[in-house]
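**Student:** Contents of input16.cif (mmCIF, C-alpha atoms (C1' of nucleotides)) are given next:
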data_query
#
loop_
_atom_site.label_atom_id
_atom_site.label_comp_id
_atom_site.auth_asym_id
_atom_site.auth_seq_id
_atom_site.Cartn_x
_atom_site.Cartn_y
_atom_site.Cartn_z
CA MET S 1 60.65 -32.64 43.84
CA ILE S 2 62.61 -32.54 47.07
CA LEU S 3 60.32 -34.94 48.95
CA SER S 4 58.30 -37.88 47.64
CA LYS S 5 54.58 -37.33 47.20
CA THR S 6 54.01 -39.83 50.01
CA CYS S 7 56.19 -37.72 52.29
CA GLU S 8 54.39 -34.51 51.36
CA TYR S 9 51.07 -36.15 52.27
CA ALA S 10 52.62 -37.49 55.46
CA ILE S 11 53.71 -34.05 56.63
CA ARG S 12 50.40 -32.41 55.78
CA ALA S 13 48.46 -35.25 57.41
CA THR S 14 50.56 -35.03 60.55
CA VAL S 15 50.06 -31.28 60.72
CA TYR S 16 46.31 -31.75 60.44
CA VAL S 17 46.29 -34.43 63.13
CA ALA S 18 48.40 -32.18 65.34
CA LEU S 19 45.95 -29.33 64.78
CA LYS S 20 43.05 -31.52 65.90
CA SER S 21 45.05 -32.91 68.80
CA SER S 22 45.77 -29.39 70.02
CA ARG S 23 41.99 -29.13 70.48
CA GLY S 24 41.84 -32.47 72.25
CA GLU S 25 40.21 -34.17 69.26
CA LYS S 26 41.17 -37.16 67.14
CA ALA S 27 41.02 -37.26 63.34
CA GLY S 28 39.79 -40.12 61.17
CA ILE S 29 41.16 -41.17 57.79
CA ILE S 30 38.29 -39.69 55.80
CA GLU S 31 38.55 -36.39 57.61
CA VAL S 32 42.33 -36.18 57.16
CA ALA S 33 42.14 -37.05 53.47
CA ARG S 34 39.49 -34.42 52.91
CA ALA S 35 41.41 -31.79 54.88
CA ILE S 36 44.68 -32.21 53.01
CA GLY S 37 43.25 -33.15 49.61
CA SER S 38 44.80 -36.60 49.37
CA PRO S 39 43.43 -39.96 48.18
CA MET S 40 41.63 -41.52 51.11
CA HIS S 41 42.87 -45.10 51.06
CA PHE S 42 46.42 -44.08 50.33
CA THR S 43 46.24 -41.65 53.21
CA GLY S 44 45.14 -44.52 55.43
CA LYS S 45 48.26 -46.43 54.51
CA ILE S 46 50.47 -43.44 55.23
CA LEU S 47 48.86 -42.79 58.60
CA GLN S 48 49.28 -46.47 59.39
CA THR S 49 52.99 -46.20 58.57
CA LEU S 50 53.35 -43.11 60.73
CA VAL S 51 51.80 -44.96 63.65
CA ARG S 52 54.15 -47.90 63.16
CA LYS S 53 57.06 -45.45 63.13
CA LYS S 54 55.82 -43.86 66.37
CA ILE S 55 55.19 -40.50 64.75
CA LEU S 56 51.47 -40.68 65.48
CA SER S 57 49.21 -42.66 67.78
CA SER S 58 45.90 -44.20 66.88
CA ALA S 59 42.81 -45.67 68.50
CA LYS S 60 40.34 -48.04 66.91
CA GLY S 61 36.60 -48.06 67.27
CA PRO S 62 34.09 -45.28 67.84
CA THR S 63 35.68 -42.08 69.17
CA GLY S 64 38.87 -43.51 67.67
CA GLY S 65 41.17 -41.91 65.15
CA PHE S 66 44.69 -40.57 64.89
CA TYR S 67 46.24 -38.24 67.39
CA LEU S 68 49.55 -36.82 68.47
CA GLU S 69 50.87 -36.55 71.96
CA ASN S 70 53.79 -34.18 71.78
CA GLY S 71 53.72 -32.12 68.60
CA ASP S 72 56.31 -29.74 69.97
CA ARG S 73 58.85 -32.53 70.33
CA LEU S 74 58.12 -33.85 66.83
CA PHE S 75 60.15 -32.28 64.02
CA LEU S 76 59.69 -32.42 60.27
CA ILE S 77 62.90 -34.37 59.92
CA ASP S 78 61.34 -37.22 61.90
CA ILE S 79 58.62 -37.54 59.28
CA VAL S 80 61.02 -37.18 56.36
CA ARG S 81 63.27 -39.89 57.83
CA ALA S 82 60.30 -42.18 58.49
CA ILE S 83 59.00 -41.96 54.92
CA ASP S 84 61.84 -41.04 52.56
CA GLY S 85 64.77 -42.11 54.67
CA ASN S 86 67.98 -40.14 55.11
CA GLY S 87 69.19 -40.20 51.49
CA LEU S 88 68.22 -36.60 50.77
CA PHE S 89 70.87 -35.47 53.23
CA THR S 90 73.53 -38.07 52.57
CA SER S 91 73.52 -39.66 49.12
CA CYS S 92 75.81 -38.25 46.42
CA VAL S 93 74.19 -35.71 44.12
CA LEU S 94 75.86 -37.38 41.14
CA GLY S 95 74.87 -40.86 42.32
CA LEU S 96 78.38 -42.06 43.10
CA GLU S 97 78.34 -44.95 45.54
CA ARG S 98 81.77 -44.28 47.00
CA CYS S 99 81.46 -40.49 47.22
CA SER S 100 82.21 -39.24 50.73
CA ALA S 101 84.04 -36.49 52.57
CA VAL S 102 87.23 -38.56 52.21
CA GLN S 103 86.73 -39.35 48.53
CA PRO S 104 84.44 -36.56 47.34
CA CYS S 105 82.93 -36.06 43.89
CA PRO S 106 83.60 -32.68 42.27
CA MET S 107 80.25 -31.37 43.48
CA HIS S 108 80.53 -32.66 47.03
CA GLU S 109 81.82 -29.55 48.76
CA GLN S 110 79.50 -27.22 46.90
CA VAL S 111 76.39 -29.27 47.66
CA LYS S 112 77.21 -30.04 51.28
CA PRO S 113 76.21 -26.65 52.73
CA ILE S 114 72.95 -26.76 50.79
CA ARG S 115 72.18 -30.25 52.05
CA ASP S 116 73.04 -29.15 55.58
CA MET S 117 70.71 -26.17 55.34
CA LEU S 118 67.88 -28.45 54.27
CA HIS S 119 68.71 -30.81 57.10
CA ASP S 120 68.86 -27.97 59.63
CA GLU S 121 65.60 -26.50 58.40
CA PHE S 122 63.71 -29.77 58.77
CA SER S 123 65.45 -30.44 62.07
CA ARG S 124 64.58 -27.14 63.70
CA THR S 125 60.95 -27.00 62.50
CA PRO S 126 58.52 -28.64 64.92
CA VAL S 127 55.20 -29.81 63.60
CA THR S 128 53.53 -27.30 65.89
CA GLU S 129 55.17 -24.47 63.95
CA LEU S 130 53.36 -25.59 60.82
CA VAL S 131 50.15 -25.97 62.79
CA SER S 132 50.20 -22.30 63.71
CA GLY S 133 51.36 -21.47 60.18
CA PHE S 134 48.43 -23.27 58.65
CA GLY S 135 46.05 -21.98 61.28
CA ALA S 136 46.91 -18.37 60.36
CA ASN S 137 45.35 -16.43 57.54
CA GLY S 138 46.50 -17.04 54.01
CA TYR S 139 47.75 -20.57 54.68
CA PHE S 140 46.01 -23.73 53.62
CA LEU S 141 46.59 -27.48 53.82
CA LYS S 142 45.70 -28.57 50.31
CA MET N 143 67.74 -38.11 46.28
CA ILE N 144 67.95 -34.62 44.90
CA LEU N 145 68.17 -35.69 41.24
CA SER N 146 66.58 -38.69 39.53
CA LYS N 147 68.87 -41.61 38.80
CA THR N 148 68.40 -40.88 35.09
CA CYS N 149 69.65 -37.34 35.66
CA GLU N 150 72.66 -38.53 37.65
CA TYR N 151 73.60 -40.81 34.77
CA ALA N 152 72.97 -37.98 32.31
CA ILE N 153 75.38 -35.65 34.07
CA ARG N 154 78.09 -38.27 34.44
CA ALA N 155 77.67 -39.37 30.83
CA THR N 156 77.88 -35.80 29.62
CA VAL N 157 81.01 -35.20 31.66
CA TYR N 158 82.62 -38.29 30.17
CA VAL N 159 81.64 -37.26 26.63
CA ALA N 160 83.02 -33.79 27.32
CA LEU N 161 86.26 -35.31 28.57
CA LYS N 162 86.64 -37.30 25.35
CA SER N 163 85.63 -34.32 23.24
CA SER N 164 88.32 -32.21 24.87
CA ARG N 165 90.76 -34.67 23.33
CA GLY N 166 89.03 -34.47 19.95
CA GLU N 167 87.51 -37.94 20.33
CA LYS N 168 83.96 -39.24 20.25
CA ALA N 169 82.51 -41.73 22.74
CA GLY N 170 80.22 -44.68 21.96
CA ILE N 171 77.39 -45.97 24.13
CA ILE N 172 79.31 -49.02 25.34
CA GLU N 173 82.30 -46.93 26.29
CA VAL N 174 80.23 -44.34 28.13
CA ALA N 175 78.26 -46.98 30.03
CA ARG N 176 81.47 -48.70 31.09
CA ALA N 177 83.13 -45.43 32.09
CA ILE N 178 80.31 -44.24 34.34
CA GLY N 179 79.09 -47.65 35.52
CA SER N 180 75.58 -47.43 34.13
CA PRO N 181 73.36 -49.98 32.32
CA MET N 182 74.30 -49.86 28.66
CA HIS N 183 70.94 -49.77 26.90
CA PHE N 184 69.48 -47.35 29.38
CA THR N 185 72.50 -45.13 28.87
CA GLY N 186 71.80 -45.23 25.14
CA LYS N 187 68.32 -43.89 25.77
CA ILE N 188 69.63 -41.11 27.95
CA LEU N 189 72.29 -40.07 25.45
CA GLN N 190 69.61 -40.10 22.77
CA THR N 191 67.47 -37.78 24.88
CA LEU N 192 70.41 -35.47 25.48
CA VAL N 193 70.98 -35.23 21.73
CA ARG N 194 67.31 -34.45 21.11
CA LYS N 195 67.55 -31.73 23.76
CA LYS N 196 70.65 -30.27 22.08
CA ILE N 197 72.88 -30.99 25.05
CA LEU N 198 75.06 -33.37 23.05
CA SER N 199 75.71 -34.10 19.39
CA SER N 200 76.01 -37.50 17.79
CA ALA N 201 77.23 -39.14 14.60
CA LYS N 202 76.18 -42.54 13.28
CA GLY N 203 78.37 -45.09 11.61
CA PRO N 204 82.03 -46.01 12.03
CA THR N 205 84.06 -43.25 13.72
CA GLY N 206 80.68 -42.12 15.05
CA GLY N 207 79.64 -41.59 18.64
CA PHE N 208 78.62 -38.80 20.98
CA TYR N 209 80.45 -35.55 21.29
CA LEU N 210 80.12 -32.07 22.72
CA GLU N 211 80.91 -28.84 20.97
CA ASN N 212 81.00 -26.23 23.69
CA GLY N 213 81.37 -27.76 27.12
CA ASP N 214 82.22 -24.41 28.66
CA ARG N 215 78.90 -22.94 27.60
CA LEU N 216 77.00 -25.96 28.91
CA PHE N 217 75.97 -25.82 32.57
CA LEU N 218 74.69 -28.54 34.87
CA ILE N 219 71.35 -26.80 35.08
CA ASP N 220 70.84 -27.40 31.36
CA ILE N 221 71.10 -31.14 31.92
CA VAL N 222 68.93 -31.08 35.05
CA ARG N 223 66.25 -29.11 33.20
CA ALA N 224 66.42 -31.44 30.18
CA ILE N 225 65.95 -34.58 32.27
CA ASP N 226 64.17 -33.73 35.52
CA GLY N 227 62.55 -30.47 34.51
CA ASN N 228 62.40 -27.37 36.67
CA GLY N 229 60.32 -28.76 39.54
CA LEU N 230 63.24 -29.09 41.94
CA PHE N 231 63.56 -25.31 41.97
CA THR N 232 59.91 -24.37 41.81
CA SER N 233 57.41 -26.90 43.17
CA CYS N 234 56.18 -26.59 46.75
CA VAL N 235 58.09 -28.63 49.30
CA LEU N 236 54.79 -29.68 50.92
CA GLY N 237 53.18 -30.47 47.56
CA LEU N 238 50.66 -27.66 47.63
CA GLU N 239 49.45 -26.81 44.15
CA ARG N 240 48.60 -23.21 44.88
CA CYS N 241 51.68 -22.41 46.97
CA SER N 242 53.53 -19.36 45.64
CA ALA N 243 55.26 -16.20 46.80
CA VAL N 244 51.84 -14.52 46.96
CA GLN N 245 50.14 -17.39 48.79
CA PRO N 246 53.03 -19.20 50.47
CA CYS N 247 52.94 -22.37 52.58
CA PRO N 248 54.48 -22.12 56.05
CA MET N 249 57.76 -23.55 54.75
CA HIS N 250 57.98 -21.40 51.63
CA GLU N 251 60.24 -18.63 52.90
CA GLN N 252 62.54 -20.99 54.74
CA VAL N 253 63.01 -23.30 51.75
CA LYS N 254 63.35 -20.59 49.12
CA PRO N 255 66.97 -19.65 49.87
CA ILE N 256 67.98 -23.32 49.88
CA ARG N 257 66.27 -23.89 46.55
CA ASP N 258 67.95 -20.78 45.16
CA MET N 259 71.37 -21.97 46.32
CA LEU N 260 70.84 -25.27 44.54
CA HIS N 261 69.69 -23.44 41.46
CA ASP N 262 72.68 -21.09 41.57
CA GLU N 263 75.11 -23.92 42.09
CA PHE N 264 73.86 -25.88 39.07
CA SER N 265 73.67 -22.66 37.06
CA ARG N 266 77.21 -21.54 37.69
CA THR N 267 78.87 -24.96 37.23
CA PRO N 268 79.92 -25.63 33.65
CA VAL N 269 80.37 -29.22 32.56
CA THR N 270 84.04 -28.46 31.94
CA GLU N 271 84.49 -27.78 35.65
CA LEU N 272 83.46 -31.34 36.43
CA VAL N 273 85.69 -32.59 33.62
CA SER N 274 88.74 -31.14 35.31
CA GLY N 275 87.40 -32.27 38.67
CA PHE N 276 87.07 -35.85 37.50
CA GLY N 277 90.35 -35.66 35.63
CA ALA N 278 92.20 -34.81 38.83
CA ASN N 279 93.40 -37.33 41.36
CA GLY N 280 90.96 -38.78 43.82
CA TYR N 281 87.93 -38.26 41.64
CA PHE N 282 86.10 -40.94 39.71
CA LEU N 283 83.07 -41.23 37.46
CA LYS N 284 81.40 -44.32 38.84
"C1'" DA I 285 25.73 -59.74 73.86
"C1'" DC I 286 25.13 -56.67 69.96
"C1'" DA I 287 25.58 -53.15 66.53
"C1'" DA I 288 28.24 -49.45 65.02
"C1'" DT I 289 32.56 -47.37 64.31
"C1'" DA I 290 37.19 -46.86 62.87
"C1'" DA I 291 41.91 -48.38 62.26
"C1'" DA I 292 44.83 -52.44 60.55
"C1'" DA I 293 45.87 -55.44 57.14
"C1'" DG I 294 45.86 -57.62 52.75
"C1'" DA I 295 45.00 -57.98 47.90
"C1'" DT I 296 44.91 -55.73 43.68
"C1'" DA I 297 45.48 -51.98 40.23
"C1'" DT I 298 47.73 -48.05 37.87
"C1'" DG I 299 51.60 -45.18 36.64
"C1'" DT I 300 56.32 -43.92 36.40
"C1'" DT I 301 61.06 -44.85 36.54
"C1'" DT I 302 64.50 -47.74 35.44
"C1'" DG I 303 66.34 -51.26 32.63
"C1'" DT I 304 66.74 -54.78 28.51
"C1'" DC I 305 66.48 -56.49 23.93
"C1'" DT I 306 65.74 -56.24 18.92
"C1'" DT I 307 65.24 -53.91 14.63
"C1'" DT I 308 66.05 -49.96 11.73
"C1'" DT I 309 68.61 -46.17 9.76
"C1'" DA I 310 72.62 -43.56 8.67
"C1'" DT I 311 77.49 -43.36 7.85
"C1'" DT I 312 82.07 -44.94 6.79
"C1'" DA I 313 85.67 -47.53 4.69
"C1'" DT I 314 86.82 -50.93 1.46
"C1'" DA V 315 78.07 -51.82 -4.17
"C1'" DT V 316 79.09 -54.08 0.02
"C1'" DA V 317 80.17 -54.98 4.74
"C1'" DA V 318 80.98 -53.10 9.08
"C1'" DT V 319 79.93 -49.82 12.50
"C1'" DA V 320 77.24 -47.12 15.55
"C1'" DA V 321 73.32 -44.31 16.83
"C1'" DA V 322 68.05 -44.10 16.58
"C1'" DA V 323 63.91 -46.11 17.47
"C1'" DG V 324 60.57 -49.22 19.18
"C1'" DA V 325 58.86 -53.00 21.89
"C1'" DC V 326 59.04 -55.11 26.10
"C1'" DA V 327 59.93 -56.13 31.19
"C1'" DA V 328 60.97 -55.36 36.09
"C1'" DA V 329 60.84 -52.50 40.10
"C1'" DC V 330 58.99 -49.06 42.68
"C1'" DA V 331 55.71 -45.38 43.90
"C1'" DT V 332 51.16 -44.26 44.07
"C1'" DA V 333 46.37 -45.45 44.50
"C1'" DT V 334 42.02 -48.34 45.32
"C1'" DC V 335 39.13 -51.77 47.28
"C1'" DT V 336 37.88 -55.42 50.58
"C1'" DT V 337 38.26 -57.97 54.75
"C1'" DT V 338 39.68 -58.27 59.49
"C1'" DT V 339 40.39 -56.72 64.15
"C1'" DA V 340 39.77 -53.80 68.07
"C1'" DT V 341 36.93 -50.65 70.60
"C1'" DT V 342 32.87 -48.21 72.09
"C1'" DG V 343 28.17 -47.36 73.46
"C1'" DT V 344 23.83 -49.39 74.02
#
Could I get this file's structure written as structure tokens?

**Tutor:**
Amino acid sequence: MILSKTCEYAIRATVYVALKSSRGEKAGIIEVARAIGSPMHFTGKILQTLVRKKILSSAKGPTGGFYLENGDRLFLIDIVRAIDGNGLFTSCVLGLERCSAVQPCPMHEQVKPIRDMLHDEFSRTPVTELVSGFGANGYFLK
Amino acid sequence: MILSKTCEYAIRATVYVALKSSRGEKAGIIEVARAIGSPMHFTGKILQTLVRKKILSSAKGPTGGFYLENGDRLFLIDIVRAIDGNGLFTSCVLGLERCSAVQPCPMHEQVKPIRDMLHDEFSRTPVTELVSGFGANGYFLK
DNA sequence: ACAATAAAAGATATGTTTGTCTTTTATTAT
DNA sequence: ATAATAAAAGACAAACATATCTTTTATTGT
């Protein structure tokens, strides 16, 4: 798996919240969990984390829920970084602590372009792109 | 991390065993663990698994140890598959069970070429290539 | 003020990965 | 045969990821 399960949920949850936000609505934990097919309480924790990391906003009380202000300025890489950190794009594929461009492992050069492509892909994909993707026919969130 | 820690150890251990085998020598658990900087007992387990999966061979008793018969016909992908399975190359980046070429998630097409590059890279890299890589100056196994 | 709602927070549980330790089995050399 | 060696196997433990449940806090509408 490229991303942790937590991170997969986080992206799908954010996309769902963005979808609701685009209609001027907020989404509650139960609704999000149902929409993306994730365990409810765990989803709550993840949403909580995303709020703390400024990916999402939230409001308590009736009419409360999670929402997103600027989905077009939010990119997948922001979510990946918030949940899984930056290791996917930086840490040595063979697990060598000291591996770097200066002192590369034998796989370093071969893996670098692949890593960079992943990085670029997450960097250039705004959450809104997935919203329209999932909104369209044939796509689904769970 | 692209590969599990176990898989990173497995690759490095196999490379070290291949290096020794190229000199007609076997390598014991203690020696391997020291060479690649991994926890000894855990390394034993991994080597054991690699033997069961036909990646390595082993001999008990004095003059025993782990060895490799055909390092040039052994590719990194064989080790990755033996330890981490095939999920890295197949399972949906957003964690969607039903995601496939027929019913793709919005990231499917974008991620596919990256996945394929990773797959190709592991597939075309024989263990012997890393052996010479690590043998050369500037490289290291831990 | 009060009741209802919904997120935040905390405690606890389960599962998997990673790591350690001990015992057993097979092999070798003497 | 016996002692030494080294992998195989099994039991156990710690750390982390994933998941559940309960209590608290903030907000809203009445």

**Student:** Leaving out stretch 304-307 of chain I and any residue of its chain fewer than 2 positions from it, which residues lie within 9 Å of it when counting all atoms listed in the file, given as a short mmCIF file (atom, residue, chain, number, x, y, z; two decimals) with C-alpha atoms (C1' of nucleotides), keeping the file's coordinate frame?

**Tutor:**
data_model
loop_
_atom_site.label_atom_id
_atom_site.label_comp_id
_atom_site.auth_asym_id
_atom_site.auth_seq_id
_atom_site.Cartn_x
_atom_site.Cartn_y
_atom_site.Cartn_z
CA HIS N 183 70.94 -49.77 26.90
CA PHE N 184 69.48 -47.35 29.38
"C1'" DA V 323 63.91 -46.11 17.47
"C1'" DG V 324 60.57 -49.22 19.18
"C1'" DA V 325 58.86 -53.00 21.89
"C1'" DC V 326 59.04 -55.11 26.10
"C1'" DA V 327 59.93 -56.13 31.19
#

**Student:** Report as an MDAnalysis selection string all protein, DNA and RNA residues lying within 9 Å of S:Val80, evaluated on only C-alpha atoms (C1' of nucleotides), omitting residues in the same chain fewer than 4 positions from it.

**Tutor:** chainID S and resid 3 7:8 10:11 76 84:86 122

**Student:** Between I:DT308, I:DT301, I:DT289, I:DT296, which is the closest to chain N once you count only C-alpha atoms (C1' of nucleotides)?

**Tutor:**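 Going through I:DT308, I:DT301, I:DT289, I:DT296 one by one, the smallest distance to chain N is for I:DT301.
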
**Student:** Work out how far apart atom CA of N:Ile188 and atom CA of N:Tyr151 are and give it in Å to one decimal.

**Tutor:** 7.9 Å

**Student:** Do you know which residues the PyMOL selection byres ((chain S and resi 26) around 7) returns on this file, as a PyMOL selection string?

**Tutor:** chain S and resi 20-21+24-25+27-28+64-67

**Student:** Check every residue of chain V for an atom within 8 Å of chain S, counting only C-alpha atoms (C1' of nucleotides), and provide those that qualify as an mmCIF file with C-alpha atoms (C1' of nucleotides), in the coordinates of the input.

**Tutor:**
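See iface27.cif below for the written result:
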data_model
loop_
_atom_site.group_PDB
_atom_site.id
_atom_site.type_symbol
_atom_site.label_atom_id
_atom_site.label_comp_id
_atom_site.auth_asym_id
_atom_site.auth_seq_id
_atom_site.Cartn_x
_atom_site.Cartn_y
_atom_site.Cartn_z
ATOM 1 C "C1'" DT V 332 51.160 -44.260 44.070
ATOM 2 C "C1'" DA V 333 46.370 -45.450 44.500
ATOM 3 C "C1'" DT V 334 42.020 -48.340 45.320
ATOM 4 C "C1'" DA V 340 39.770 -53.800 68.070
ATOM 5 C "C1'" DT V 341 36.930 -50.650 70.600
ATOM 6 C "C1'" DT V 342 32.870 -48.210 72.090
#

**Student:** As an exercise, work out the distance from atom CA of S:Cys105 to atom CA of N:Ser164 in Å and give it to one decimal place.

**Tutor:**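 Between atom CA of S:Cys105 and atom CA of N:Ser164 the gap works out to 20.1 Å.
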
**Student:** Give me, as CSV, the closest atom pair and its distance (Å, one decimal) for every residue of chain I within a cut-off of 6 Å of chain N, counting only C-alpha atoms (C1' of nucleotides), rows sorted by chain and rising number.

**Tutor:**
residue,atom,partner,partner_atom,distance
I:DG303,C1',N:Phe184,CA,6.0
I:DA310,C1',N:Lys202,CA,5.9
I:DT311,C1',N:Gly203,CA,4.2
I:DT312,C1',N:Pro204,CA,5.3

**Student:** Identify which of the residues S:Val17, S:Val102, S:Ile55, S:Leu94 lies closest to chain N, counting all atoms listed in the file when measuring atom-to-atom distances.

**Tutor:**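 Of the candidates, the smallest distance to chain N is held by S:Leu94.
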
**Student:** Got a sec to pull out which chain N residues are within 8 Å of chain S, counting all atoms listed in the file, and send them as a PyMOL selection string?

**Tutor:** chain N and resi 143-145+147+150-151+153-154+229-230+233+235-239+245-249+252-253+256+259-260+263+272+275-276+280-284

**Student:** Just say which residues the PyMOL selection byres ((chain S and resi 74) around 6) picks in this file, as a PDB file with C-alpha atoms, keeping the file's coordinate frame.

**Tutor:**
ATOM      1  CA  GLY S  71      53.720 -32.120  68.600  1.00  0.00           C
ATOM      2  CA  ASP S  72      56.310 -29.740  69.970  1.00  0.00           C
ATOM      3  CA  ARG S  73      58.850 -32.530  70.330  1.00  0.00           C
ATOM      4  CA  PHE S  75      60.150 -32.280  64.020  1.00  0.00           C
ATOM      5  CA  PRO S 126      58.520 -28.640  64.920  1.00  0.00           C
ATOM      6  CA  VAL S 127      55.200 -29.810  63.600  1.00  0.00           C
TER       7      VAL S 127
END

**Student:** Quick one: distance from atom CA of S:Arg34 to atom CA of S:Tyr16 in Å, one decimal?

**Tutor:**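 One can read the atom CA of S:Arg34 to atom CA of S:Tyr16 distance as 10.5 Å.
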
**Student:** Counting only C-alpha atoms (C1' of nucleotides), which residue out of V:DA317, V:DC335, V:DA329, V:DA322 sits closest to I:DA297?

**Tutor:**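 So, comparing all the options, the nearest one is V:DC335.
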
**Student:** Could you list, as a list in words, every residue matched by the PyMOL selection byres ((chain I and resi 287) around 9) in this structure?

**Tutor:** DC286 and DA288 of chain I; DT344 of chain V

**Student:** Go through S:Lys53, S:Glu109, S:Lys45, S:Ala82 and flag the residue nearest I:DA292, using all atoms listed in the file for the distances.

**Tutor:**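 Nearest to I:DA292: S:Lys45.
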
**Student:** How would chain I of the given structure read as a file with C-alpha atoms (C1' of nucleotides), as a PDB file, in the first residue's frame?

**Tutor:**
ATOM      1  C1'  DA I 285     -32.438  28.758  31.235  1.00  0.00           C
ATOM      2  C1'  DC I 286     -33.046  24.373  28.900  1.00  0.00           C
ATOM      3  C1'  DA I 287     -32.827  20.529  25.815  1.00  0.00           C
ATOM      4  C1'  DA I 288     -30.861  18.834  21.773  1.00  0.00           C
ATOM      5  C1'  DT I 289     -27.082  18.417  18.777  1.00  0.00           C
ATOM      6  C1'  DA I 290     -22.511  17.576  17.290  1.00  0.00           C
ATOM      7  C1'  DA I 291     -17.538  17.879  17.638  1.00  0.00           C
ATOM      8  C1'  DA I 292     -13.511  17.259  20.995  1.00  0.00           C
ATOM      9  C1'  DA I 293     -11.237  14.544  24.031  1.00  0.00           C
ATOM     10  C1'  DG I 294      -9.978  10.594  26.651  1.00  0.00           C
ATOM     11  C1'  DA I 295      -9.884   5.792  27.789  1.00  0.00           C
ATOM     12  C1'  DT I 296      -9.752   1.299  26.161  1.00  0.00           C
ATOM     13  C1'  DA I 297      -9.462  -2.586  22.820  1.00  0.00           C
ATOM     14  C1'  DT I 298      -7.803  -5.201  18.762  1.00  0.00           C
ATOM     15  C1'  DG I 299      -4.539  -6.318  15.175  1.00  0.00           C
ATOM     16  C1'  DT I 300      -0.265  -6.092  12.807  1.00  0.00           C
ATOM     17  C1'  DT I 301       4.458  -5.150  12.488  1.00  0.00           C
ATOM     18  C1'  DT I 302       8.608  -5.292  14.533  1.00  0.00           C
ATOM     19  C1'  DG I 303      11.668  -7.222  17.781  1.00  0.00           C
ATOM     20  C1'  DT I 304      13.579 -10.636  21.557  1.00  0.00           C
ATOM     21  C1'  DC I 305      14.511 -14.882  23.807  1.00  0.00           C
ATOM     22  C1'  DT I 306      14.622 -19.919  24.353  1.00  0.00           C
ATOM     23  C1'  DT I 307      14.351 -24.552  22.757  1.00  0.00           C
ATOM     24  C1'  DT I 308      14.724 -27.901  19.101  1.00  0.00           C
ATOM     25  C1'  DT I 309      16.646 -30.064  15.057  1.00  0.00           C
ATOM     26  C1'  DA I 310      20.074 -30.988  11.666  1.00  0.00           C
ATOM     27  C1'  DT I 311      24.841 -31.140  10.343  1.00  0.00           C
ATOM     28  C1'  DT I 312      29.772 -31.281  10.842  1.00  0.00           C
ATOM     29  C1'  DA I 313      34.174 -32.424  12.668  1.00  0.00           C
ATOM     30  C1'  DT I 314      36.620 -34.884  16.029  1.00  0.00           C
TER      31       DT I 314
END
